[in-house]
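Participant: My questions will all concern the structure given below.
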Amino acid sequence: MNHAPTGGVLLLVEDDDSIGRLVKSYLEQQDGWRVVWLRTGEEAIAELRRHPVRLVVLDLGLPGIDGFEVCRRIRAQSKVPIVMLTARDEEPDRVAGLELGADDYVSKPFSPRELAARIKAILRRVEQRGEDALLTERDIVLRRDSHDVTVGGAVIELTSKEFDLLACFLEHPGIVLSREKLLDLVWGMTYPGGTRTVDVHVAQLRRKLGDPDSIRTVRGAGYKLTSS
């Protein structure tokens, strides 16, 4: 199968009634989700602990604590995939959301069909793992089955997108991968953040790996995972 099945519990955090009703109706009727629709970030944090949530669709412009803070709090306790919704189409907002651990970003206005396609793409990346469950290079060990990464024996916490990016580098050790190639391999579609998205995630990955030389920038070409 080339796609992960949809269905299960999806947490929708959106204070706009018309958007909330439209998204909830479409995802439930077309893709079989059980959508838990909430209108505030405070409710989202509480409900996340009460349900086996498979994915979160999170609006940035919420009353009370905003979507950035909700994303930060979710990431402190969960690796659940997060798609951010926003009326703001500024690059700083996109980058800020990605740095906090969001997996994708959809700008309003959008069609429910587009959102559903993005959700399916994320589920493919997060949940459809190959049989080569163990990838190693340098002192990095990545286990696809348990979604764990260790560096020198110490566990490090990665978002699902950082995990996929690291797996991509581990699958191509020593090979220069262009930003466009990484977008295609990791994001699987043309992403509104463009190649800046790759730069943000590589920077985050370097920081978490604890070695800025682990992923080398090849000027004018892209990035590569070094062997030592």
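Labels for the structure tokens follow display order: chains A, B, ..., residues from 1 in each chain, ligands from 1.
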Could you pull the residues within 12 Å of Pro212 of chain A, counting only C-alpha atoms, minus those fewer than 6 positions along the same chain, as a PDB file with all heavy atoms, in the first residue's frame?

Facilitator:
ATOM      1  N   VAL A 202      17.085  21.288   9.263  1.00  0.00           N
ATOM      2  CA  VAL A 202      18.480  20.851   9.376  1.00  0.00           C
ATOM      3  C   VAL A 202      19.134  21.522  10.590  1.00  0.00           C
ATOM      4  O   VAL A 202      19.863  20.876  11.351  1.00  0.00           O
ATOM      5  CB  VAL A 202      19.266  21.159   8.086  1.00  0.00           C
ATOM      6  CG1 VAL A 202      20.769  20.992   8.311  1.00  0.00           C
ATOM      7  CG2 VAL A 202      18.815  20.246   6.958  1.00  0.00           C
ATOM      8  N   ALA A 203      18.877  22.809  10.779  1.00  0.00           N
ATOM      9  CA  ALA A 203      19.439  23.519  11.933  1.00  0.00           C
ATOM     10  C   ALA A 203      18.966  22.895  13.246  1.00  0.00           C
ATOM     11  O   ALA A 203      19.755  22.700  14.183  1.00  0.00           O
ATOM     12  CB  ALA A 203      19.063  25.003  11.880  1.00  0.00           C
ATOM     13  N   GLN A 204      17.677  22.582  13.323  1.00  0.00           N
ATOM     14  CA  GLN A 204      17.137  21.942  14.519  1.00  0.00           C
ATOM     15  C   GLN A 204      17.764  20.572  14.740  1.00  0.00           C
ATOM     16  O   GLN A 204      18.084  20.189  15.869  1.00  0.00           O
ATOM     17  CB  GLN A 204      15.616  21.803  14.388  1.00  0.00           C
ATOM     18  CG  GLN A 204      14.862  23.108  14.446  1.00  0.00           C
ATOM     19  CD  GLN A 204      14.817  23.670  15.851  1.00  0.00           C
ATOM     20  OE1 GLN A 204      15.670  24.483  16.223  1.00  0.00           O
ATOM     21  NE2 GLN A 204      13.855  23.246  16.636  1.00  0.00           N
ATOM     22  N   LEU A 205      17.932  19.826  13.652  1.00  0.00           N
ATOM     23  CA  LEU A 205      18.495  18.482  13.746  1.00  0.00           C
ATOM     24  C   LEU A 205      19.943  18.534  14.210  1.00  0.00           C
ATOM     25  O   LEU A 205      20.363  17.743  15.072  1.00  0.00           O
ATOM     26  CB  LEU A 205      18.387  17.794  12.382  1.00  0.00           C
ATOM     27  CG  LEU A 205      18.578  16.286  12.326  1.00  0.00           C
ATOM     28  CD1 LEU A 205      17.692  15.562  13.328  1.00  0.00           C
ATOM     29  CD2 LEU A 205      18.299  15.785  10.906  1.00  0.00           C
ATOM     30  N   ARG A 206      20.721  19.441  13.652  1.00  0.00           N
ATOM     31  CA  ARG A 206      22.116  19.592  14.095  1.00  0.00           C
ATOM     32  C   ARG A 206      22.180  19.873  15.595  1.00  0.00           C
ATOM     33  O   ARG A 206      23.005  19.307  16.318  1.00  0.00           O
ATOM     34  CB  ARG A 206      22.779  20.737  13.343  1.00  0.00           C
ATOM     35  CG  ARG A 206      23.216  20.434  11.925  1.00  0.00           C
ATOM     36  CD  ARG A 206      23.683  21.716  11.274  1.00  0.00           C
ATOM     37  NE  ARG A 206      24.282  21.494   9.971  1.00  0.00           N
ATOM     38  CZ  ARG A 206      24.362  22.425   9.036  1.00  0.00           C
ATOM     39  NH1 ARG A 206      23.838  23.632   9.256  1.00  0.00           N
ATOM     40  NH2 ARG A 206      24.937  22.160   7.885  1.00  0.00           N
ATOM     41  N   LEU A 225      25.300  14.022   5.209  1.00  0.00           N
ATOM     42  CA  LEU A 225      25.678  13.458   6.495  1.00  0.00           C
ATOM     43  C   LEU A 225      27.112  12.992   6.402  1.00  0.00           C
ATOM     44  O   LEU A 225      27.460  12.199   5.520  1.00  0.00           O
ATOM     45  CB  LEU A 225      24.762  12.277   6.854  1.00  0.00           C
ATOM     46  CG  LEU A 225      25.031  11.612   8.204  1.00  0.00           C
ATOM     47  CD1 LEU A 225      24.572  12.507   9.342  1.00  0.00           C
ATOM     48  CD2 LEU A 225      24.331  10.268   8.291  1.00  0.00           C
ATOM     49  N   THR A 226      27.959  13.514   7.297  1.00  0.00           N
ATOM     50  CA  THR A 226      29.377  13.133   7.268  1.00  0.00           C
ATOM     51  C   THR A 226      29.592  11.838   8.026  1.00  0.00           C
ATOM     52  O   THR A 226      28.819  11.493   8.923  1.00  0.00           O
ATOM     53  CB  THR A 226      30.246  14.235   7.854  1.00  0.00           C
ATOM     54  OG1 THR A 226      29.844  14.479   9.206  1.00  0.00           O
ATOM     55  CG2 THR A 226      30.109  15.527   7.058  1.00  0.00           C
ATOM     56  N   SER A 228      32.273  11.069   9.847  1.00  0.00           N
ATOM     57  CA  SER A 228      33.022  11.215  11.092  1.00  0.00           C
ATOM     58  C   SER A 228      33.132  12.678  11.477  1.00  0.00           C
ATOM     59  O   SER A 228      32.753  13.550  10.702  1.00  0.00           O
ATOM     60  CB  SER A 228      34.426  10.628  10.933  1.00  0.00           C
ATOM     61  OG  SER A 228      35.154  11.300   9.927  1.00  0.00           O
TER      62      SER A 228
END

Participant: Can you tell me, as a ChimeraX atom specification, what residues are no more than 9 Å from Val80 of chain A when counting only C-alpha atoms, ignoring any on the same chain fewer than 5 positions away?

Facilitator: /A:53-56,74-75,159-160

Participant: Which residues, written as a PDB file with all heavy atoms, in the first residue's frame, have at least one atom at most 12 Å from Pro112 of chain A, with only C-alpha atoms counted and residues fewer than 4 positions away on the same chain left out?

Facilitator:
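The resulting file, out-v7.pdb, is shown below:
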ATOM      1  N   ILE A  19     -15.428  27.319   9.527  1.00  0.00           N
ATOM      2  CA  ILE A  19     -14.298  26.457   9.162  1.00  0.00           C
ATOM      3  C   ILE A  19     -14.354  25.158   9.947  1.00  0.00           C
ATOM      4  O   ILE A  19     -14.150  24.068   9.399  1.00  0.00           O
ATOM      5  CB  ILE A  19     -12.957  27.181   9.402  1.00  0.00           C
ATOM      6  CG1 ILE A  19     -12.823  28.365   8.458  1.00  0.00           C
ATOM      7  CG2 ILE A  19     -11.777  26.221   9.217  1.00  0.00           C
ATOM      8  CD1 ILE A  19     -11.591  29.220   8.709  1.00  0.00           C
ATOM      9  N   GLY A  20     -14.642  25.269  11.231  1.00  0.00           N
ATOM     10  CA  GLY A  20     -14.700  24.068  12.065  1.00  0.00           C
ATOM     11  C   GLY A  20     -15.751  23.085  11.586  1.00  0.00           C
ATOM     12  O   GLY A  20     -15.487  21.880  11.479  1.00  0.00           O
ATOM     13  N   ARG A  21     -16.937  23.590  11.272  1.00  0.00           N
ATOM     14  CA  ARG A  21     -18.007  22.710  10.792  1.00  0.00           C
ATOM     15  C   ARG A  21     -17.636  22.061   9.466  1.00  0.00           C
ATOM     16  O   ARG A  21     -17.864  20.860   9.256  1.00  0.00           O
ATOM     17  CB  ARG A  21     -19.311  23.502  10.637  1.00  0.00           C
ATOM     18  CG  ARG A  21     -20.050  23.771  11.919  1.00  0.00           C
ATOM     19  CD  ARG A  21     -21.484  24.204  11.659  1.00  0.00           C
ATOM     20  NE  ARG A  21     -21.539  25.418  10.846  1.00  0.00           N
ATOM     21  CZ  ARG A  21     -21.560  26.648  11.340  1.00  0.00           C
ATOM     22  NH1 ARG A  21     -21.512  26.828  12.640  1.00  0.00           N
ATOM     23  NH2 ARG A  21     -21.635  27.703  10.540  1.00  0.00           N
ATOM     24  N   LEU A  22     -17.047  22.860   8.567  1.00  0.00           N
ATOM     25  CA  LEU A  22     -16.681  22.350   7.246  1.00  0.00           C
ATOM     26  C   LEU A  22     -15.624  21.253   7.343  1.00  0.00           C
ATOM     27  O   LEU A  22     -15.764  20.179   6.745  1.00  0.00           O
ATOM     28  CB  LEU A  22     -16.157  23.503   6.379  1.00  0.00           C
ATOM     29  CG  LEU A  22     -15.735  23.156   4.952  1.00  0.00           C
ATOM     30  CD1 LEU A  22     -16.929  22.673   4.140  1.00  0.00           C
ATOM     31  CD2 LEU A  22     -15.089  24.376   4.285  1.00  0.00           C
ATOM     32  N   VAL A  23     -14.583  21.521   8.107  1.00  0.00           N
ATOM     33  CA  VAL A  23     -13.492  20.544   8.234  1.00  0.00           C
ATOM     34  C   VAL A  23     -13.972  19.283   8.933  1.00  0.00           C
ATOM     35  O   VAL A  23     -13.686  18.159   8.499  1.00  0.00           O
ATOM     36  CB  VAL A  23     -12.298  21.170   8.990  1.00  0.00           C
ATOM     37  CG1 VAL A  23     -11.263  20.099   9.348  1.00  0.00           C
ATOM     38  CG2 VAL A  23     -11.648  22.271   8.149  1.00  0.00           C
ATOM     39  N   LYS A  24     -14.699  19.448  10.024  1.00  0.00           N
ATOM     40  CA  LYS A  24     -15.203  18.286  10.776  1.00  0.00           C
ATOM     41  C   LYS A  24     -16.086  17.411   9.886  1.00  0.00           C
ATOM     42  O   LYS A  24     -15.918  16.184   9.826  1.00  0.00           O
ATOM     43  CB  LYS A  24     -15.987  18.753  12.005  1.00  0.00           C
ATOM     44  CG  LYS A  24     -16.626  17.618  12.811  1.00  0.00           C
ATOM     45  CD  LYS A  24     -17.333  18.193  14.039  1.00  0.00           C
ATOM     46  CE  LYS A  24     -18.203  17.144  14.729  1.00  0.00           C
ATOM     47  NZ  LYS A  24     -17.390  16.057  15.313  1.00  0.00           N
ATOM     48  N   SER A  25     -17.014  18.039   9.173  1.00  0.00           N
ATOM     49  CA  SER A  25     -17.936  17.290   8.314  1.00  0.00           C
ATOM     50  C   SER A  25     -17.187  16.545   7.207  1.00  0.00           C
ATOM     51  O   SER A  25     -17.427  15.357   6.961  1.00  0.00           O
ATOM     52  CB  SER A  25     -18.961  18.247   7.701  1.00  0.00           C
ATOM     53  OG  SER A  25     -19.780  17.577   6.765  1.00  0.00           O
ATOM     54  N   TYR A  26     -16.251  17.235   6.560  1.00  0.00           N
ATOM     55  CA  TYR A  26     -15.537  16.622   5.439  1.00  0.00           C
ATOM     56  C   TYR A  26     -14.693  15.437   5.917  1.00  0.00           C
ATOM     57  O   TYR A  26     -14.745  14.348   5.319  1.00  0.00           O
ATOM     58  CB  TYR A  26     -14.645  17.649   4.747  1.00  0.00           C
ATOM     59  CG  TYR A  26     -13.988  17.121   3.488  1.00  0.00           C
ATOM     60  CD1 TYR A  26     -14.590  17.297   2.243  1.00  0.00           C
ATOM     61  CD2 TYR A  26     -12.783  16.426   3.538  1.00  0.00           C
ATOM     62  CE1 TYR A  26     -13.999  16.797   1.081  1.00  0.00           C
ATOM     63  CE2 TYR A  26     -12.187  15.921   2.393  1.00  0.00           C
ATOM     64  CZ  TYR A  26     -12.806  16.108   1.173  1.00  0.00           C
ATOM     65  OH  TYR A  26     -12.214  15.605   0.031  1.00  0.00           O
ATOM     66  N   LEU A  27     -13.915  15.635   6.968  1.00  0.00           N
ATOM     67  CA  LEU A  27     -13.009  14.577   7.418  1.00  0.00           C
ATOM     68  C   LEU A  27     -13.764  13.375   7.978  1.00  0.00           C
ATOM     69  O   LEU A  27     -13.317  12.237   7.827  1.00  0.00           O
ATOM     70  CB  LEU A  27     -12.032  15.122   8.462  1.00  0.00           C
ATOM     71  CG  LEU A  27     -11.039  16.176   7.956  1.00  0.00           C
ATOM     72  CD1 LEU A  27     -10.134  16.637   9.099  1.00  0.00           C
ATOM     73  CD2 LEU A  27     -10.197  15.629   6.804  1.00  0.00           C
ATOM     74  N   GLU A  28     -14.891  13.622   8.597  1.00  0.00           N
ATOM     75  CA  GLU A  28     -15.674  12.506   9.120  1.00  0.00           C
ATOM     76  C   GLU A  28     -16.376  11.750   8.003  1.00  0.00           C
ATOM     77  O   GLU A  28     -16.378  10.511   7.970  1.00  0.00           O
ATOM     78  CB  GLU A  28     -16.691  13.007  10.150  1.00  0.00           C
ATOM     79  CG  GLU A  28     -16.054  13.441  11.460  1.00  0.00           C
ATOM     80  CD  GLU A  28     -17.058  13.836  12.521  1.00  0.00           C
ATOM     81  OE1 GLU A  28     -18.219  14.168  12.164  1.00  0.00           O
ATOM     82  OE2 GLU A  28     -16.692  13.825  13.718  1.00  0.00           O
ATOM     83  N   GLN A  29     -16.956  12.468   7.049  1.00  0.00           N
ATOM     84  CA  GLN A  29     -17.730  11.806   5.995  1.00  0.00           C
ATOM     85  C   GLN A  29     -16.854  11.199   4.904  1.00  0.00           C
ATOM     86  O   GLN A  29     -17.144  10.115   4.399  1.00  0.00           O
ATOM     87  CB  GLN A  29     -18.708  12.809   5.381  1.00  0.00           C
ATOM     88  CG  GLN A  29     -19.800  13.257   6.332  1.00  0.00           C
ATOM     89  CD  GLN A  29     -20.731  14.289   5.698  1.00  0.00           C
ATOM     90  OE1 GLN A  29     -20.799  14.421   4.485  1.00  0.00           O
ATOM     91  NE2 GLN A  29     -21.440  15.037   6.539  1.00  0.00           N
ATOM     92  N   GLN A  30     -15.774  11.890   4.543  1.00  0.00           N
ATOM     93  CA  GLN A  30     -14.948  11.435   3.430  1.00  0.00           C
ATOM     94  C   GLN A  30     -13.837  10.477   3.855  1.00  0.00           C
ATOM     95  O   GLN A  30     -13.481   9.570   3.103  1.00  0.00           O
ATOM     96  CB  GLN A  30     -14.316  12.641   2.711  1.00  0.00           C
ATOM     97  CG  GLN A  30     -15.322  13.605   2.115  1.00  0.00           C
ATOM     98  CD  GLN A  30     -16.161  12.967   1.023  1.00  0.00           C
ATOM     99  OE1 GLN A  30     -15.674  12.189   0.214  1.00  0.00           O
ATOM    100  NE2 GLN A  30     -17.457  13.287   1.004  1.00  0.00           N
ATOM    101  N   ASP A  31     -13.265  10.690   5.030  1.00  0.00           N
ATOM    102  CA  ASP A  31     -12.083   9.920   5.421  1.00  0.00           C
ATOM    103  C   ASP A  31     -12.271   9.076   6.678  1.00  0.00           C
ATOM    104  O   ASP A  31     -11.332   8.414   7.128  1.00  0.00           O
ATOM    105  CB  ASP A  31     -10.884  10.862   5.619  1.00  0.00           C
ATOM    106  CG  ASP A  31     -10.356  11.395   4.285  1.00  0.00           C
ATOM    107  OD1 ASP A  31     -10.702  10.807   3.243  1.00  0.00           O
ATOM    108  OD2 ASP A  31      -9.615  12.386   4.289  1.00  0.00           O
ATOM    109  N   VAL A  57      -5.035  19.032  14.096  1.00  0.00           N
ATOM    110  CA  VAL A  57      -5.151  20.162  13.167  1.00  0.00           C
ATOM    111  C   VAL A  57      -5.360  21.391  14.041  1.00  0.00           C
ATOM    112  O   VAL A  57      -6.354  21.492  14.759  1.00  0.00           O
ATOM    113  CB  VAL A  57      -6.314  19.975  12.179  1.00  0.00           C
ATOM    114  CG1 VAL A  57      -6.459  21.220  11.297  1.00  0.00           C
ATOM    115  CG2 VAL A  57      -6.092  18.743  11.308  1.00  0.00           C
ATOM    116  N   LEU A  85      -3.045  25.561  10.951  1.00  0.00           N
ATOM    117  CA  LEU A  85      -3.901  26.356  10.070  1.00  0.00           C
ATOM    118  C   LEU A  85      -3.727  27.818  10.451  1.00  0.00           C
ATOM    119  O   LEU A  85      -3.701  28.147  11.634  1.00  0.00           O
ATOM    120  CB  LEU A  85      -5.373  25.987  10.258  1.00  0.00           C
ATOM    121  CG  LEU A  85      -5.798  24.546  10.019  1.00  0.00           C
ATOM    122  CD1 LEU A  85      -7.289  24.417  10.300  1.00  0.00           C
ATOM    123  CD2 LEU A  85      -5.475  24.105   8.605  1.00  0.00           C
ATOM    124  N   VAL A 106      -0.892  24.805   6.579  1.00  0.00           N
ATOM    125  CA  VAL A 106      -1.878  25.094   5.540  1.00  0.00           C
ATOM    126  C   VAL A 106      -2.428  26.496   5.775  1.00  0.00           C
ATOM    127  O   VAL A 106      -2.909  26.805   6.864  1.00  0.00           O
ATOM    128  CB  VAL A 106      -3.030  24.069   5.543  1.00  0.00           C
ATOM    129  CG1 VAL A 106      -4.040  24.409   4.454  1.00  0.00           C
ATOM    130  CG2 VAL A 106      -2.492  22.655   5.352  1.00  0.00           C
ATOM    131  N   SER A 107      -2.329  27.345   4.759  1.00  0.00           N
ATOM    132  CA  SER A 107      -2.780  28.735   4.892  1.00  0.00           C
ATOM    133  C   SER A 107      -4.227  28.882   4.446  1.00  0.00           C
ATOM    134  O   SER A 107      -4.642  28.311   3.433  1.00  0.00           O
ATOM    135  CB  SER A 107      -1.895  29.657   4.046  1.00  0.00           C
ATOM    136  OG  SER A 107      -0.560  29.643   4.525  1.00  0.00           O
ATOM    137  N   LYS A 108      -4.999  29.659   5.198  1.00  0.00           N
ATOM    138  CA  LYS A 108      -6.374  29.976   4.825  1.00  0.00           C
ATOM    139  C   LYS A 108      -6.368  31.042   3.737  1.00  0.00           C
ATOM    140  O   LYS A 108      -5.495  31.911   3.752  1.00  0.00           O
ATOM    141  CB  LYS A 108      -7.142  30.492   6.041  1.00  0.00           C
ATOM    142  CG  LYS A 108      -7.224  29.516   7.201  1.00  0.00           C
ATOM    143  CD  LYS A 108      -7.894  30.185   8.391  1.00  0.00           C
ATOM    144  CE  LYS A 108      -7.923  29.267   9.604  1.00  0.00           C
ATOM    145  NZ  LYS A 108      -8.488  29.950  10.789  1.00  0.00           N
ATOM    146  N   ALA A 116      -7.147  17.369   3.647  1.00  0.00           N
ATOM    147  CA  ALA A 116      -7.184  15.907   3.738  1.00  0.00           C
ATOM    148  C   ALA A 116      -5.979  15.287   3.048  1.00  0.00           C
ATOM    149  O   ALA A 116      -5.399  14.306   3.537  1.00  0.00           O
ATOM    150  CB  ALA A 116      -8.481  15.378   3.125  1.00  0.00           C
ATOM    151  N   ALA A 117      -5.569  15.860   1.907  1.00  0.00           N
ATOM    152  CA  ALA A 117      -4.401  15.344   1.186  1.00  0.00           C
ATOM    153  C   ALA A 117      -3.135  15.524   2.014  1.00  0.00           C
ATOM    154  O   ALA A 117      -2.273  14.637   2.062  1.00  0.00           O
ATOM    155  CB  ALA A 117      -4.263  16.040  -0.160  1.00  0.00           C
ATOM    156  N   ARG A 118      -3.008  16.671   2.661  1.00  0.00           N
ATOM    157  CA  ARG A 118      -1.842  16.915   3.513  1.00  0.00           C
ATOM    158  C   ARG A 118      -1.811  15.929   4.680  1.00  0.00           C
ATOM    159  O   ARG A 118      -0.757  15.414   5.051  1.00  0.00           O
ATOM    160  CB  ARG A 118      -1.875  18.349   4.058  1.00  0.00           C
ATOM    161  CG  ARG A 118      -1.762  19.434   3.024  1.00  0.00           C
ATOM    162  CD  ARG A 118      -0.361  19.519   2.433  1.00  0.00           C
ATOM    163  NE  ARG A 118      -0.260  20.651   1.536  1.00  0.00           N
ATOM    164  CZ  ARG A 118       0.148  21.853   1.902  1.00  0.00           C
ATOM    165  NH1 ARG A 118       0.480  22.087   3.151  1.00  0.00           N
ATOM    166  NH2 ARG A 118       0.219  22.822   1.017  1.00  0.00           N
ATOM    167  N   ILE A 119      -2.974  15.683   5.267  1.00  0.00           N
ATOM    168  CA  ILE A 119      -3.052  14.746   6.389  1.00  0.00           C
ATOM    169  C   ILE A 119      -2.608  13.352   5.959  1.00  0.00           C
ATOM    170  O   ILE A 119      -1.829  12.683   6.648  1.00  0.00           O
ATOM    171  CB  ILE A 119      -4.493  14.717   6.949  1.00  0.00           C
ATOM    172  CG1 ILE A 119      -4.788  16.024   7.697  1.00  0.00           C
ATOM    173  CG2 ILE A 119      -4.700  13.510   7.863  1.00  0.00           C
ATOM    174  CD1 ILE A 119      -6.240  16.195   8.099  1.00  0.00           C
TER     175      ILE A 119
END

Participant: Report as JSON, numbers by chain: the residues of segment 36-107 of chain A with a DSSP assignment of helix (DSSP H, G or I), based on the backbone of this structure.

Facilitator: {"A": [41, 42, 43, 44, 45, 46, 47, 48, 67, 68, 69, 70, 71, 72, 73, 74, 75, 91, 92, 93, 94, 95, 96, 97, 98, 99]}

Participant: Keeping N, CA and C atoms for every residue in the selection just given, could you write it to a file as an mmCIF file, in the first residue's frame?

Facilitator:
data_model
loop_
_atom_site.group_PDB
_atom_site.id
_atom_site.type_symbol
_atom_site.label_atom_id
_atom_site.label_comp_id
_atom_site.auth_asym_id
_atom_site.auth_seq_id
_atom_site.Cartn_x
_atom_site.Cartn_y
_atom_site.Cartn_z
ATOM 1 N N GLY A 41 -7.197 26.660 22.946
ATOM 2 C CA GLY A 41 -5.988 25.895 23.196
ATOM 3 C C GLY A 41 -6.016 25.183 24.523
ATOM 4 N N GLU A 42 -6.637 25.822 25.521
ATOM 5 C CA GLU A 42 -6.715 25.194 26.842
ATOM 6 C C GLU A 42 -7.481 23.881 26.772
ATOM 7 N N GLU A 43 -8.584 23.879 26.016
ATOM 8 C CA GLU A 43 -9.354 22.641 25.850
ATOM 9 C C GLU A 43 -8.530 21.581 25.118
ATOM 10 N N ALA A 44 -7.758 22.016 24.134
ATOM 11 C CA ALA A 44 -6.965 21.075 23.340
ATOM 12 C C ALA A 44 -5.958 20.334 24.204
ATOM 13 N N ILE A 45 -5.263 21.059 25.072
ATOM 14 C CA ILE A 45 -4.267 20.432 25.940
ATOM 15 C C ILE A 45 -4.932 19.407 26.845
ATOM 16 N N ALA A 46 -6.095 19.755 27.376
ATOM 17 C CA ALA A 46 -6.803 18.838 28.274
ATOM 18 C C ALA A 46 -7.299 17.605 27.523
ATOM 19 N N GLU A 47 -7.889 17.801 26.342
ATOM 20 C CA GLU A 47 -8.471 16.687 25.605
ATOM 21 C C GLU A 47 -7.414 15.758 25.021
ATOM 22 N N LEU A 48 -6.226 16.275 24.742
ATOM 23 C CA LEU A 48 -5.158 15.441 24.190
ATOM 24 C C LEU A 48 -4.840 14.275 25.117
ATOM 25 N N GLY A 67 -1.972 29.336 18.957
ATOM 26 C CA GLY A 67 -1.557 28.049 18.421
ATOM 27 C C GLY A 67 -0.088 27.743 18.615
ATOM 28 N N PHE A 68 0.770 28.773 18.610
ATOM 29 C CA PHE A 68 2.194 28.544 18.845
ATOM 30 C C PHE A 68 2.414 27.936 20.229
ATOM 31 N N GLU A 69 1.757 28.519 21.237
ATOM 32 C CA GLU A 69 1.922 28.021 22.597
ATOM 33 C C GLU A 69 1.301 26.634 22.748
ATOM 34 N N VAL A 70 0.163 26.404 22.091
ATOM 35 C CA VAL A 70 -0.453 25.070 22.133
ATOM 36 C C VAL A 70 0.502 24.038 21.529
ATOM 37 N N CYS A 71 1.109 24.381 20.388
ATOM 38 C CA CYS A 71 2.059 23.478 19.744
ATOM 39 C C CYS A 71 3.223 23.173 20.681
ATOM 40 N N ARG A 72 3.743 24.222 21.330
ATOM 41 C CA ARG A 72 4.865 24.044 22.256
ATOM 42 C C ARG A 72 4.484 23.075 23.384
ATOM 43 N N ARG A 73 3.282 23.241 23.922
ATOM 44 C CA ARG A 73 2.865 22.392 25.047
ATOM 45 C C ARG A 73 2.593 20.956 24.594
ATOM 46 N N ILE A 74 2.035 20.800 23.390
ATOM 47 C CA ILE A 74 1.811 19.451 22.874
ATOM 48 C C ILE A 74 3.149 18.737 22.691
ATOM 49 N N ARG A 75 4.121 19.449 22.091
ATOM 50 C CA ARG A 75 5.416 18.831 21.836
ATOM 51 C C ARG A 75 6.151 18.466 23.124
ATOM 52 N N GLU A 91 6.249 34.227 6.053
ATOM 53 C CA GLU A 91 7.278 33.206 6.279
ATOM 54 C C GLU A 91 7.699 33.102 7.741
ATOM 55 N N PRO A 92 7.859 34.216 8.489
ATOM 56 C CA PRO A 92 8.245 34.072 9.902
ATOM 57 C C PRO A 92 7.279 33.208 10.706
ATOM 58 N N ASP A 93 5.977 33.305 10.399
ATOM 59 C CA ASP A 93 5.000 32.471 11.100
ATOM 60 C C ASP A 93 5.193 31.000 10.736
ATOM 61 N N ARG A 94 5.413 30.730 9.450
ATOM 62 C CA ARG A 94 5.632 29.347 9.028
ATOM 63 C C ARG A 94 6.866 28.771 9.715
ATOM 64 N N VAL A 95 7.943 29.546 9.683
ATOM 65 C CA VAL A 95 9.196 29.076 10.276
ATOM 66 C C VAL A 95 9.038 28.856 11.772
ATOM 67 N N ALA A 96 8.356 29.792 12.450
ATOM 68 C CA ALA A 96 8.154 29.652 13.893
ATOM 69 C C ALA A 96 7.385 28.375 14.210
ATOM 70 N N GLY A 97 6.346 28.097 13.430
ATOM 71 C CA GLY A 97 5.575 26.878 13.653
ATOM 72 C C GLY A 97 6.401 25.630 13.439
ATOM 73 N N LEU A 98 7.210 25.624 12.398
ATOM 74 C CA LEU A 98 8.058 24.468 12.116
ATOM 75 C C LEU A 98 9.103 24.273 13.206
ATOM 76 N N GLU A 99 9.661 25.371 13.684
ATOM 77 C CA GLU A 99 10.671 25.266 14.734
ATOM 78 C C GLU A 99 10.082 24.696 16.021
#

Participant: Excluding Arg207 of chain A and residues on its chain fewer than 5 positions from it, collect all residues at most 12 Å away from it, counting only C-alpha atoms, and give them as a list in words.

Facilitator: Glu99, Ile156, Glu157, Leu158, Glu162, Val200, His201, Val202, Pro212, Asp213, Ser214 and Ile215 of chain A

Participant: Would you output that residue set with N, CA, C and O atoms, as a tab-separated table (two decimals), in the first residue's frame?

Facilitator:
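Wrote out_31.tsv, looks like this:
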chain	number	residue	atom	x	y	z
A	99	GLU	N	9.66	25.37	13.68
A	99	GLU	CA	10.67	25.27	14.73
A	99	GLU	C	10.08	24.70	16.02
A	99	GLU	O	10.78	24.05	16.80
A	156	ILE	N	17.59	10.95	22.10
A	156	ILE	CA	17.26	12.33	21.80
A	156	ILE	C	15.82	12.39	21.28
A	156	ILE	O	15.35	11.45	20.65
A	157	GLU	N	15.14	13.48	21.57
A	157	GLU	CA	13.74	13.65	21.19
A	157	GLU	C	13.67	14.42	19.87
A	157	GLU	O	14.18	15.54	19.77
A	158	LEU	N	13.02	13.83	18.87
A	158	LEU	CA	12.85	14.47	17.58
A	158	LEU	C	11.37	14.56	17.23
A	158	LEU	O	10.59	13.69	17.61
A	162	GLU	N	11.62	15.85	11.86
A	162	GLU	CA	13.06	15.73	12.10
A	162	GLU	C	13.50	14.26	12.00
A	162	GLU	O	14.57	13.96	11.47
A	200	VAL	N	15.56	25.22	8.15
A	200	VAL	CA	15.09	25.27	9.54
A	200	VAL	C	15.22	23.90	10.20
A	200	VAL	O	15.74	23.76	11.31
A	201	HIS	N	14.77	22.86	9.50
A	201	HIS	CA	14.80	21.53	10.09
A	201	HIS	C	16.22	20.99	10.22
A	201	HIS	O	16.54	20.30	11.19
A	202	VAL	N	17.08	21.29	9.26
A	202	VAL	CA	18.48	20.85	9.38
A	202	VAL	C	19.13	21.52	10.59
A	202	VAL	O	19.86	20.88	11.35
A	212	PRO	N	27.41	20.21	15.25
A	212	PRO	CA	27.09	21.00	14.06
A	212	PRO	C	27.75	20.49	12.79
A	212	PRO	O	27.31	20.83	11.68
A	213	ASP	N	28.80	19.66	12.93
A	213	ASP	CA	29.48	19.12	11.75
A	213	ASP	C	28.90	17.80	11.26
A	213	ASP	O	29.36	17.25	10.26
A	214	SER	N	27.89	17.28	11.97
A	214	SER	CA	27.33	15.98	11.58
A	214	SER	C	26.64	16.06	10.23
A	214	SER	O	26.70	15.13	9.43
A	215	ILE	N	25.97	17.18	9.98
A	215	ILE	CA	25.33	17.41	8.68
A	215	ILE	C	26.00	18.63	8.07
A	215	ILE	O	25.82	19.75	8.56

Participant: Identify which of the residues A:Leu209, A:Leu183, A:Leu165, A:Val13 lies closest to Asp66 of chain A, counting only C-alpha atoms when measuring atom-to-atom distances.

Facilitator: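 With only C-alpha atoms as the atom set, the closest residue is A:Val13.
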
Participant: How many Å lie between atom CA of Leu38 of chain A and atom CA of Pro52 of chain A, rounded to one decimal?

Facilitator: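 Here the two named atoms are 15.6 Å from each other.
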